[in-house]
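As stored in target-v3.csv (CSV, C-alpha atoms):
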```csv
chain,number,residue,atom,x,y,z
A,1,MET,CA,0.0,0.0,0.0
A,2,ALA,CA,1.4,3.4,-1.0
A,3,VAL,CA,2.1,5.8,1.9
A,4,ALA,CA,0.9,9.3,1.5
A,5,PRO,CA,3.5,12.1,1.6
A,6,ALA,CA,4.0,13.6,5.0
A,7,SER,CA,2.3,16.9,3.9
A,8,ALA,CA,-0.9,15.0,2.9
A,9,GLN,CA,-1.1,12.8,6.0
A,10,PRO,CA,-3.7,13.7,8.7
A,11,ARG,CA,-2.2,14.8,12.0
A,12,ALA,CA,-3.2,13.8,15.5
A,13,ALA,CA,-2.3,15.6,18.7
A,14,HIS,CA,-1.8,13.4,21.8
A,15,PHE,CA,-1.4,15.0,25.2
A,16,LEU,CA,0.5,13.4,28.1
A,17,LEU,CA,0.5,14.2,31.8
A,18,VAL,CA,4.3,13.8,32.1
A,19,PRO,CA,6.9,13.4,29.4
A,20,GLU,CA,8.0,10.0,30.8
A,21,LEU,CA,4.7,8.5,29.6
A,22,LEU,CA,5.7,8.8,25.9
A,23,HIS,CA,6.8,5.1,25.8
A,24,SER,CA,4.5,3.7,28.5
A,25,PRO,CA,2.6,0.6,27.3
A,26,PRO,CA,-1.0,2.1,26.8
A,27,ASN,CA,0.3,5.3,25.3
A,28,ARG,CA,2.6,3.3,23.0
A,29,ALA,CA,-0.4,1.3,21.8
A,30,ILE,CA,-2.3,4.5,21.1
A,31,ILE,CA,0.5,6.2,19.2
A,32,GLU,CA,1.3,3.0,17.2
A,33,ALA,CA,-2.4,2.6,16.4
A,34,LEU,CA,-2.6,6.2,15.2
A,35,LEU,CA,0.5,5.6,13.0
A,36,ASP,CA,-1.1,2.4,11.6
A,37,CYS,CA,-4.2,4.4,10.7
A,38,GLY,CA,-2.1,6.9,8.7
A,39,TYR,CA,-1.7,9.7,11.1
A,40,ARG,CA,1.4,11.7,11.9
A,41,VAL,CA,1.4,12.2,15.7
A,42,ASP,CA,2.4,15.3,17.6
A,43,VAL,CA,2.8,14.5,21.3
A,44,TYR,CA,2.5,17.3,23.8
A,45,ALA,CA,3.7,17.2,27.4
A,46,PRO,CA,5.0,19.5,30.1
A,47,GLY,CA,8.8,19.9,30.2
A,48,PRO,CA,11.5,18.4,28.0
A,49,GLY,CA,10.1,15.4,26.1
A,50,ASP,CA,11.6,11.9,25.9
A,51,ASP,CA,13.2,10.9,22.6
A,52,PRO,CA,10.4,10.0,20.1
A,53,SER,CA,12.8,8.4,17.5
A,54,PRO,CA,11.9,4.8,18.4
A,55,TYR,CA,8.5,5.5,16.8
A,56,GLY,CA,10.1,6.7,13.5
A,57,PRO,CA,9.8,10.0,11.7
A,58,GLY,CA,6.0,10.2,12.1
A,59,VAL,CA,6.1,11.3,15.8
A,60,THR,CA,7.4,14.6,17.1
A,61,THR,CA,7.2,16.1,20.6
A,62,HIS,CA,6.1,19.5,21.8
A,63,ARG,CA,5.5,21.4,25.0
A,64,ALA,CA,2.1,22.0,26.7
A,65,GLU,CA,1.0,22.8,30.2
A,66,TYR,CA,-2.3,22.2,31.9
A,67,SER,CA,-3.5,25.4,33.5
A,68,ILE,CA,-5.9,28.2,32.9
A,69,ARG,CA,-3.0,30.6,32.3
A,70,TRP,CA,-1.5,28.4,29.6
A,71,LEU,CA,-4.9,28.0,28.0
A,72,VAL,CA,-5.5,31.7,27.8
A,73,ARG,CA,-2.2,32.2,26.0
A,74,HIS,CA,-2.3,29.3,23.6
A,75,LEU,CA,-5.9,28.1,23.0
A,76,ALA,CA,-6.6,30.4,20.1
A,77,GLN,CA,-3.4,29.7,18.2
A,78,PRO,CA,-4.2,28.8,14.6
A,79,HIS,CA,-2.1,25.7,14.4
A,80,TRP,CA,-4.6,23.7,16.4
A,81,TRP,CA,-6.9,23.6,13.3
A,82,ARG,CA,-4.4,21.4,11.4
A,83,TYR,CA,-5.2,18.4,13.6
A,84,ALA,CA,-7.7,15.8,12.5
A,85,CYS,CA,-8.2,14.5,16.0
A,86,PHE,CA,-7.1,15.0,19.6
A,87,SER,CA,-6.4,12.5,22.3
A,88,GLY,CA,-4.8,12.5,25.8
A,89,THR,CA,-4.2,10.7,29.0
A,90,SER,CA,-5.8,11.5,32.4
A,91,GLU,CA,-6.3,13.4,34.2
A,92,ASP,CA,-5.2,17.0,33.6
A,93,PRO,CA,-4.6,16.8,29.9
A,94,LEU,CA,-8.2,15.7,29.3
A,95,ALA,CA,-9.6,19.2,29.9
A,96,LEU,CA,-7.3,20.7,27.1
A,97,VAL,CA,-8.2,17.8,24.7
A,98,GLY,CA,-11.9,18.5,25.3
A,99,LEU,CA,-11.6,22.2,24.7
A,100,LEU,CA,-9.5,21.9,21.6
A,101,ALA,CA,-11.8,19.3,20.1
A,102,ALA,CA,-14.9,21.5,20.8
A,103,MET,CA,-13.2,24.6,19.4
A,104,THR,CA,-12.1,23.0,16.2
A,105,GLY,CA,-15.0,20.6,15.7
A,106,ARG,CA,-12.6,17.6,15.5
A,107,PRO,CA,-13.2,14.2,17.2
A,108,SER,CA,-11.4,13.2,20.4
A,109,PHE,CA,-10.7,10.1,22.4
A,110,LEU,CA,-9.3,9.7,25.9
A,111,LEU,CA,-7.2,7.2,27.9
A,112,VAL,CA,-8.7,7.3,31.4
A,113,ASP,CA,-6.1,5.2,33.1
A,114,GLU,CA,-6.2,7.3,36.3
A,115,ILE,CA,-9.7,7.8,37.9
A,116,LYS,CA,-9.1,10.5,40.4
A,117,SER,CA,-11.9,9.8,42.9
A,118,GLY,CA,-12.4,9.1,46.5
A,119,ALA,CA,-9.2,9.2,48.6
A,120,TYR,CA,-7.3,9.5,45.2
A,121,ARG,CA,-8.9,12.7,44.2
A,122,GLY,CA,-5.7,14.6,43.4
A,123,ASN,CA,-4.8,18.2,43.7
A,124,SER,CA,-6.4,19.8,40.6
A,125,PRO,CA,-9.0,22.6,41.2
A,126,GLU,CA,-12.6,21.5,41.0
A,127,ARG,CA,-13.2,23.7,37.9
A,128,TRP,CA,-10.4,21.9,36.1
A,129,LYS,CA,-11.8,18.5,37.1
A,130,GLN,CA,-15.2,19.5,35.8
A,131,LEU,CA,-13.6,20.3,32.5
A,132,CYS,CA,-11.9,16.9,32.5
A,133,ARG,CA,-15.2,15.1,33.1
A,134,TRP,CA,-17.0,17.1,30.5
A,135,ALA,CA,-14.2,16.1,28.0
A,136,MET,CA,-14.8,12.5,28.8
A,137,ARG,CA,-18.5,12.9,28.1
A,138,ARG,CA,-18.0,14.5,24.7
A,139,ALA,CA,-15.3,12.2,23.5
A,140,ARG,CA,-16.1,9.8,20.7
A,141,PHE,CA,-14.9,7.0,22.9
A,142,THR,CA,-12.9,6.5,26.1
A,143,ILE,CA,-10.3,3.9,27.0
A,144,VAL,CA,-9.9,2.1,30.4
A,145,ASN,CA,-7.4,-0.6,31.2
A,146,ASP,CA,-9.7,-3.2,32.7
A,147,ASP,CA,-13.3,-4.3,32.4
A,148,SER,CA,-13.9,-3.6,36.1
A,149,ARG,CA,-13.3,0.1,35.5
A,150,VAL,CA,-15.9,0.5,32.8
A,151,GLN,CA,-18.8,1.2,35.3
A,152,LEU,CA,-16.4,3.1,37.6
A,153,LEU,CA,-15.6,5.4,34.7
A,154,ARG,CA,-19.3,5.8,33.7
A,155,ASP,CA,-20.2,6.7,37.3
A,156,TYR,CA,-17.2,9.1,37.7
A,157,ALA,CA,-17.6,11.0,34.5
A,158,GLY,CA,-21.4,10.7,34.1
A,159,LEU,CA,-21.1,8.8,30.8
A,160,ALA,CA,-24.3,7.6,29.1
A,161,PRO,CA,-24.9,3.9,29.3
A,162,THR,CA,-24.4,3.8,25.5
A,163,ALA,CA,-21.1,5.8,25.4
A,164,PRO,CA,-18.4,3.6,23.8
A,165,VAL,CA,-15.7,2.4,26.1
A,166,VAL,CA,-12.6,0.5,24.8
A,167,VAL,CA,-10.7,-1.8,27.2
A,168,TYR,CA,-7.0,-1.9,26.6
A,169,PRO,CA,-4.7,-3.3,29.4
A,170,GLY,CA,-1.7,-1.5,30.8
A,171,CYS,CA,0.8,-3.5,28.8
A,172,PHE,CA,2.7,-3.7,25.5
A,173,HIS,CA,0.9,-5.6,22.8
A,174,ARG,CA,4.3,-6.8,21.6
A,175,PRO,CA,6.2,-7.5,24.9
A,176,PRO,CA,9.8,-8.7,24.8
A,177,ASP,CA,10.4,-12.5,24.9
A,178,PRO,CA,11.9,-13.7,28.2
A,179,ASP,CA,15.6,-14.3,27.5
A,180,PRO,CA,17.2,-17.0,29.8
A,181,LEU,CA,20.7,-15.7,29.1
A,182,LEU,CA,19.6,-12.2,30.2
A,183,ARG,CA,18.3,-13.8,33.4
A,184,GLN,CA,21.7,-15.2,34.2
A,185,GLU,CA,23.4,-11.8,33.4
A,186,LEU,CA,20.9,-9.9,35.5
A,187,ARG,CA,21.5,-12.2,38.5
A,188,ARG,CA,25.2,-11.6,38.2
A,189,ARG,CA,24.7,-7.9,37.9
A,190,TRP,CA,22.4,-7.8,40.9
A,191,GLY,CA,24.8,-9.9,42.9
A,192,LEU,CA,22.1,-12.5,43.5
A,193,PRO,CA,22.7,-16.3,43.3
A,194,GLN,CA,21.4,-18.0,40.2
A,195,GLU,CA,19.3,-20.4,42.2
A,196,ALA,CA,17.9,-17.9,44.7
A,197,LEU,CA,14.2,-17.2,45.0
A,198,VAL,CA,13.9,-13.5,44.1
A,199,ILE,CA,10.8,-11.4,44.9
A,200,ALA,CA,10.4,-8.0,43.3
A,201,SER,CA,8.7,-4.6,43.7
A,202,SER,CA,8.6,-2.4,40.6
A,203,GLY,CA,7.2,1.2,40.5
A,204,ALA,CA,5.5,2.9,43.5
A,205,PHE,CA,7.1,1.6,46.7
A,206,ASN,CA,5.0,2.6,49.8
A,207,LEU,CA,2.8,1.2,52.5
A,208,THR,CA,-0.2,0.7,50.2
A,209,ALA,CA,2.0,-1.1,47.6
A,210,GLY,CA,3.3,-3.8,50.0
A,211,ALA,CA,6.6,-2.2,51.0
A,212,ASP,CA,6.2,-3.2,54.7
A,213,TRP,CA,5.2,-6.8,53.8
A,214,LEU,CA,8.2,-7.1,51.5
A,215,VAL,CA,10.7,-5.8,54.1
A,216,GLN,CA,9.2,-8.0,56.8
A,217,ALA,CA,9.3,-11.1,54.6
A,218,LEU,CA,13.0,-10.5,54.0
A,219,GLN,CA,13.6,-10.5,57.7
A,220,ASP,CA,11.4,-13.6,58.3
A,221,GLU,CA,12.7,-15.7,55.4
A,222,PRO,CA,16.6,-15.7,55.5
A,223,SER,CA,16.7,-17.5,52.1
A,224,LEU,CA,14.6,-15.0,50.3
A,225,HIS,CA,16.2,-12.4,48.0
A,226,ALA,CA,14.7,-9.2,46.6
A,227,VAL,CA,15.0,-6.6,43.8
A,228,ILE,CA,13.4,-3.2,44.4
A,229,GLN,CA,12.9,-0.9,41.4
A,230,PRO,CA,11.3,2.1,43.2
A,231,LEU,CA,9.7,5.2,41.6
A,232,ALA,CA,8.8,8.4,43.3
A,233,VAL,CA,10.5,7.7,46.6
A,234,SER,CA,12.4,10.3,48.6
A,235,PRO,CA,16.2,10.2,48.9
A,236,LEU,CA,15.7,9.4,52.6
A,237,CYS,CA,13.7,6.3,51.6
A,238,LEU,CA,16.5,5.2,49.3
A,239,PHE,CA,19.0,5.8,52.0
A,240,LEU,CA,17.1,3.7,54.6
A,241,LEU,CA,16.4,0.9,52.1
A,242,GLY,CA,20.1,0.6,51.5
A,243,ARG,CA,20.8,0.2,55.2
A,244,LEU,CA,18.3,-2.6,56.2
A,245,GLY,CA,21.2,-4.8,57.1
A,246,LEU,CA,20.2,-7.4,54.4
A,247,GLY,CA,23.7,-7.7,52.9
A,248,ASP,CA,23.7,-9.2,49.5
A,249,ARG,CA,20.1,-10.4,49.7
A,250,LEU,CA,18.7,-7.1,48.4
A,251,TYR,CA,19.4,-5.3,45.1
A,252,LEU,CA,18.2,-1.7,45.0
A,253,GLN,CA,17.8,-0.2,41.6
A,254,GLN,CA,19.1,3.4,41.9
A,255,GLU,CA,18.6,4.5,38.3
A,256,ARG,CA,15.3,4.9,36.7
A,257,LEU,CA,14.7,2.3,34.1
A,258,SER,CA,12.9,2.9,30.8
A,259,TRP,CA,9.6,1.1,30.3
A,260,GLN,CA,11.2,-1.4,28.0
A,261,GLU,CA,14.2,-1.9,30.3
A,262,ALA,CA,11.9,-2.6,33.2
A,263,TRP,CA,10.0,-5.2,31.2
A,264,ARG,CA,13.1,-6.9,30.0
A,265,SER,CA,14.6,-7.0,33.4
A,266,ALA,CA,11.6,-8.9,34.8
A,267,VAL,CA,13.0,-12.1,33.4
A,268,GLY,CA,15.5,-12.1,36.3
A,269,LEU,CA,12.7,-12.4,38.9
A,270,ASP,CA,10.6,-15.2,40.4
A,271,ILE,CA,7.8,-13.4,42.2
A,272,GLY,CA,6.3,-10.0,41.5
A,273,LEU,CA,4.2,-7.8,43.8
A,274,ALA,CA,0.9,-6.4,42.7
A,275,ILE,CA,-0.3,-5.1,46.2
A,276,TYR,CA,-2.9,-2.4,46.3
A,277,THR,CA,-4.3,-1.6,49.7
A,278,ASN,CA,-5.3,2.0,49.0
A,279,PRO,CA,-9.1,2.1,49.6
A,280,ALA,CA,-9.8,4.6,46.7
A,281,PRO,CA,-12.0,3.1,44.0
A,282,GLN,CA,-9.3,3.2,41.4
A,283,PHE,CA,-7.1,0.9,43.5
A,284,GLN,CA,-9.9,-1.5,44.2
A,285,HIS,CA,-10.6,-2.0,40.5
A,286,MET,CA,-7.0,-2.6,39.3
A,287,GLY,CA,-7.1,-5.8,37.3
A,288,THR,CA,-5.1,-5.3,34.1
A,289,SER,CA,-4.8,-1.6,34.7
A,290,SER,CA,-1.7,-2.6,36.7
A,291,ASN,CA,1.3,-2.2,34.5
A,292,ARG,CA,3.5,-4.1,36.9
A,293,LEU,CA,1.1,-7.0,37.1
A,294,CYS,CA,0.9,-7.1,33.2
A,295,MET,CA,4.7,-6.9,33.0
A,296,PHE,CA,5.3,-9.7,35.5
A,297,LEU,CA,2.8,-12.1,33.9
A,298,ALA,CA,4.0,-11.3,30.3
A,299,MET,CA,7.5,-12.1,31.4
A,300,GLY,CA,6.5,-15.4,33.1
A,301,VAL,CA,6.7,-14.1,36.7
A,302,PRO,CA,3.9,-15.3,39.1
A,303,VAL,CA,2.4,-12.5,41.2
A,304,ILE,CA,1.2,-11.9,44.7
A,305,ALA,CA,-1.8,-9.6,44.6
A,306,THR,CA,-4.3,-8.2,47.1
A,307,ARG,CA,-7.6,-9.9,47.0
A,308,GLN,CA,-10.2,-8.0,44.9
A,309,PRO,CA,-12.7,-9.1,42.3
A,310,SER,CA,-10.7,-7.7,39.4
A,311,PHE,CA,-7.8,-10.0,40.3
A,312,ARG,CA,-9.8,-13.2,40.3
A,313,PHE,CA,-8.4,-14.2,37.0
A,314,ILE,CA,-5.0,-14.7,38.7
A,315,GLU,CA,-6.4,-17.6,40.7
A,316,ASP,CA,-8.4,-18.9,37.7
A,317,TYR,CA,-5.2,-19.2,35.7
A,318,ASP,CA,-3.1,-20.3,38.6
A,319,CYS,CA,-0.4,-17.7,37.9
A,320,GLY,CA,-0.3,-16.2,41.4
A,321,VAL,CA,-1.8,-15.9,44.8
A,322,LEU,CA,-4.3,-13.4,46.2
A,323,VAL,CA,-3.7,-12.3,49.8
A,324,GLU,CA,-5.3,-10.2,52.5
A,325,THR,CA,-2.8,-10.3,55.4
A,326,TYR,CA,0.9,-10.5,56.0
A,327,ASP,CA,0.6,-14.1,57.0
A,328,ASP,CA,-1.1,-14.8,53.7
A,329,PHE,CA,1.7,-12.9,51.9
A,330,LEU,CA,4.4,-15.0,53.6
A,331,ALA,CA,2.5,-18.2,52.8
A,332,ALA,CA,2.1,-17.1,49.2
A,333,ILE,CA,5.9,-16.7,48.8
A,334,ARG,CA,6.5,-20.3,50.0
A,335,PHE,CA,3.7,-21.7,47.9
A,336,ILE,CA,4.9,-20.0,44.6
A,337,GLY,CA,8.5,-21.0,45.4
A,338,SER,CA,7.4,-24.6,45.5
A,339,ARG,CA,5.6,-24.5,42.1
A,340,LEU,CA,7.6,-22.1,40.0
A,341,PRO,CA,7.9,-24.1,36.8
A,342,GLN,CA,4.1,-24.7,36.5
A,343,MET,CA,3.2,-21.2,37.5
A,344,ARG,CA,5.6,-19.7,35.1
A,345,ALA,CA,3.9,-21.5,32.2
A,346,ASN,CA,0.5,-20.4,33.5
A,347,CYS,CA,1.7,-16.8,33.4
A,348,ARG,CA,2.3,-16.9,29.7
A,349,ARG,CA,-1.0,-18.6,29.1
A,350,CYS,CA,-2.8,-16.0,31.1
A,351,PHE,CA,-1.2,-13.2,29.2
A,352,ASN,CA,-1.9,-14.6,25.8
A,353,ASP,CA,-5.5,-15.8,26.5
A,354,TYR,CA,-6.8,-13.2,29.0
A,355,ILE,CA,-4.7,-10.0,29.1
A,356,MET,CA,-3.6,-9.6,25.5
A,357,PRO,CA,-5.5,-11.9,23.2
A,358,SER,CA,-4.9,-11.5,19.5
A,359,ASP,CA,-7.8,-9.1,18.9
A,360,ARG,CA,-7.0,-6.7,21.7
A,361,PHE,CA,-4.8,-4.2,19.8
A,362,PRO,CA,-6.8,-4.5,16.6
A,363,ARG,CA,-9.9,-3.4,18.5
A,364,LEU,CA,-8.1,-0.3,19.6
A,365,ARG,CA,-6.9,0.4,16.1
A,366,GLN,CA,-10.4,-0.1,14.7
A,367,ALA,CA,-11.8,2.4,17.2
A,368,ILE,CA,-9.2,5.0,16.2
A,369,ALA,CA,-9.7,4.3,12.4
A,370,SER,CA,-13.5,4.9,12.9
A,371,LEU,CA,-12.8,8.6,13.7
A,372,SER,CA,-12.0,9.4,10.1
A,373,ARG,CA,-15.2,7.7,8.9
A,374,SER,CA,-17.7,9.6,11.1
```

Would you encode the structure as structure tokens?
Amino acid sequence: MAVAPASAQPRAAHFLLVPELLHSPPNRAIIEALLDCGYRVDVYAPGPGDDPSPYGPGVTTHRAEYSIRWLVRHLAQPHWWRYACFSGTSEDPLALVGLLAAMTGRPSFLLVDEIKSGAYRGNSPERWKQLCRWAMRRARFTIVNDDSRVQLLRDYAGLAPTAPVVVYPGCFHRPPDPDPLLRQELRRRWGLPQEALVIASSGAFNLTAGADWLVQALQDEPSLHAVIQPLAVSPLCLFLLGRLGLGDRLYLQQERLSWQEAWRSAVGLDIGLAIYTNPAPQFQHMGTSSNRLCMFLAMGVPVIATRQPSFRFIEDYDCGVLVETYDDFLAAIRFIGSRLPQMRANCRRCFNDYIMPSDRFPRLRQAIASLSRS
């Protein structure tokens, strides 16, 4: 099929909350689907952008901010009319996407991967949050990362029962293949024995993400080893983690890994944490919204997750254990350690059959393609 010259291709504007989301799994899926549908994509985010070159020449990055002051200065600029559609991630970018789509008469769609409600309301002013919810209601379709969040989104944004919602999990549709040689290299790099049972925490590391249970388990199980890849923790927390007196049983990742590096490195692990004890509705409807859970299962790593209905598939596929207490957590470590080969195989089956079946990405691409036909 002939490719239209760049000047003739429709353009899409995609807005990110932070530049580091440029290559995150669901945003990568959106950008790749836009490219597949023939769009050139301009990605907007606050601050210096990540390198867009892995996407090829069809993607460029630009700066935007999410405030009334920035809107007043930039909303009326004529270059917004060159875009055929607008899209964005939650939550702050959604208001700008809605306003631009309404002003230009172009269609929009939104990735609502963060539902800022309950104890997880966030710090945005109420008038900005009202704009975000209005943008969700006027979008051609919205995207959530798990079926359990569809009704949560409808209730939060006031979506009509017939408003289209696409479900796309928080993961790459083409994840890297687990590399056994990389597993050996990582164990050497981390200073961990090749045969050790290694548990891992990736991403947010706090009391609602199982940090206390992990540290306690390392003290209660002298044979257990751990890798912690923390995000958004204070220098004091890093200092204290490095001084737990665990010797060579703990590897603390000091540098921030890219999304792709984090996924590849999961091959060196045996058990992954998907603990969510925050009572806010978003965290009690995690399911495949959890990037870390999708990453672990895609790379053949069984998980320990907090018991909630959206995680029931973990037990159905026997690729992890659901827990409610620390005693459950400790028992889950021992149980998975005794059944690693079987549970590893179940992880890949769960990923291919439940999380990312073959029609998952095509559905997203089809929804985006429909924008140009309406």

Item to check | Selection: 8 Å around Thr277 (chain A), only C-alpha atoms, excl. self and same-chain fewer than 3 positions, as a list of chain:residue names | outcome: A:Thr208, A:Ala209, A:Gly210, A:Phe283, A:Gln284, A:Thr306

List every residue of region 244-263 of chain A that has an atom at most 12 Å from any atom of region 296-299 of chain A, and for each one report the closest atom pair and its distance in Å to one decimal, counting all atoms listed in the file, with rows sorted by chain and then by increasing residue number, as JSON lines.
```
{"residue": "A:Gln260", "atom": "CA", "partner": "A:Met299", "partner_atom": "CA", "distance": 11.8}
{"residue": "A:Ala262", "atom": "CA", "partner": "A:Phe296", "partner_atom": "CA", "distance": 10.0}
{"residue": "A:Trp263", "atom": "CA", "partner": "A:Met299", "partner_atom": "CA", "distance": 7.3}
```

Item to check | Sphere at (21.5, -6.7, 39.1), radius 9 Å, counting all atoms listed in the file: residues as number ranges by chain | outcome: A: 185-192, 227, 251-253, 265, 268

Take the residues from that selection and put them in a file with C-alpha atoms, as a JSON list (two decimals), in the frame of the given file.
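Saved to again.json:
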```
[["chain", "number", "residue", "atom", "x", "y", "z"],
["A", 185, "GLU", "CA", 23.40, -11.80, 33.40],
["A", 186, "LEU", "CA", 20.90, -9.90, 35.50],
["A", 187, "ARG", "CA", 21.50, -12.20, 38.50],
["A", 188, "ARG", "CA", 25.20, -11.60, 38.20],
["A", 189, "ARG", "CA", 24.70, -7.90, 37.90],
["A", 190, "TRP", "CA", 22.40, -7.80, 40.90],
["A", 191, "GLY", "CA", 24.80, -9.90, 42.90],
["A", 192, "LEU", "CA", 22.10, -12.50, 43.50],
["A", 227, "VAL", "CA", 15.00, -6.60, 43.80],
["A", 251, "TYR", "CA", 19.40, -5.30, 45.10],
["A", 252, "LEU", "CA", 18.20, -1.70, 45.00],
["A", 253, "GLN", "CA", 17.80, -0.20, 41.60],
["A", 265, "SER", "CA", 14.60, -7.00, 33.40],
["A", 268, "GLY", "CA", 15.50, -12.10, 36.30]]
```

Item to check | Selected residue, from A:Pro230, A:Pro107, A:Leu71, A:Ser117, that lies nearest to Thr142 (chain A) when counting all atoms listed in the file | outcome: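 That would be A:Pro107, the residue with the smallest distance to Thr142 (chain A).
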
Next on the checklist: Which residues are near region 137-140 of chain A? Cut-off 8 Å, only C-alpha atoms, ignore same chain within fewer than 5 positions. Put them as a list in words.
Outcome noted: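 Those residues are Gly98, Pro107, Ser108, Phe109, Leu110, Ala157, Gly158, Leu159, Ala160, Ala163, Pro164 and Leu371 of chain A.
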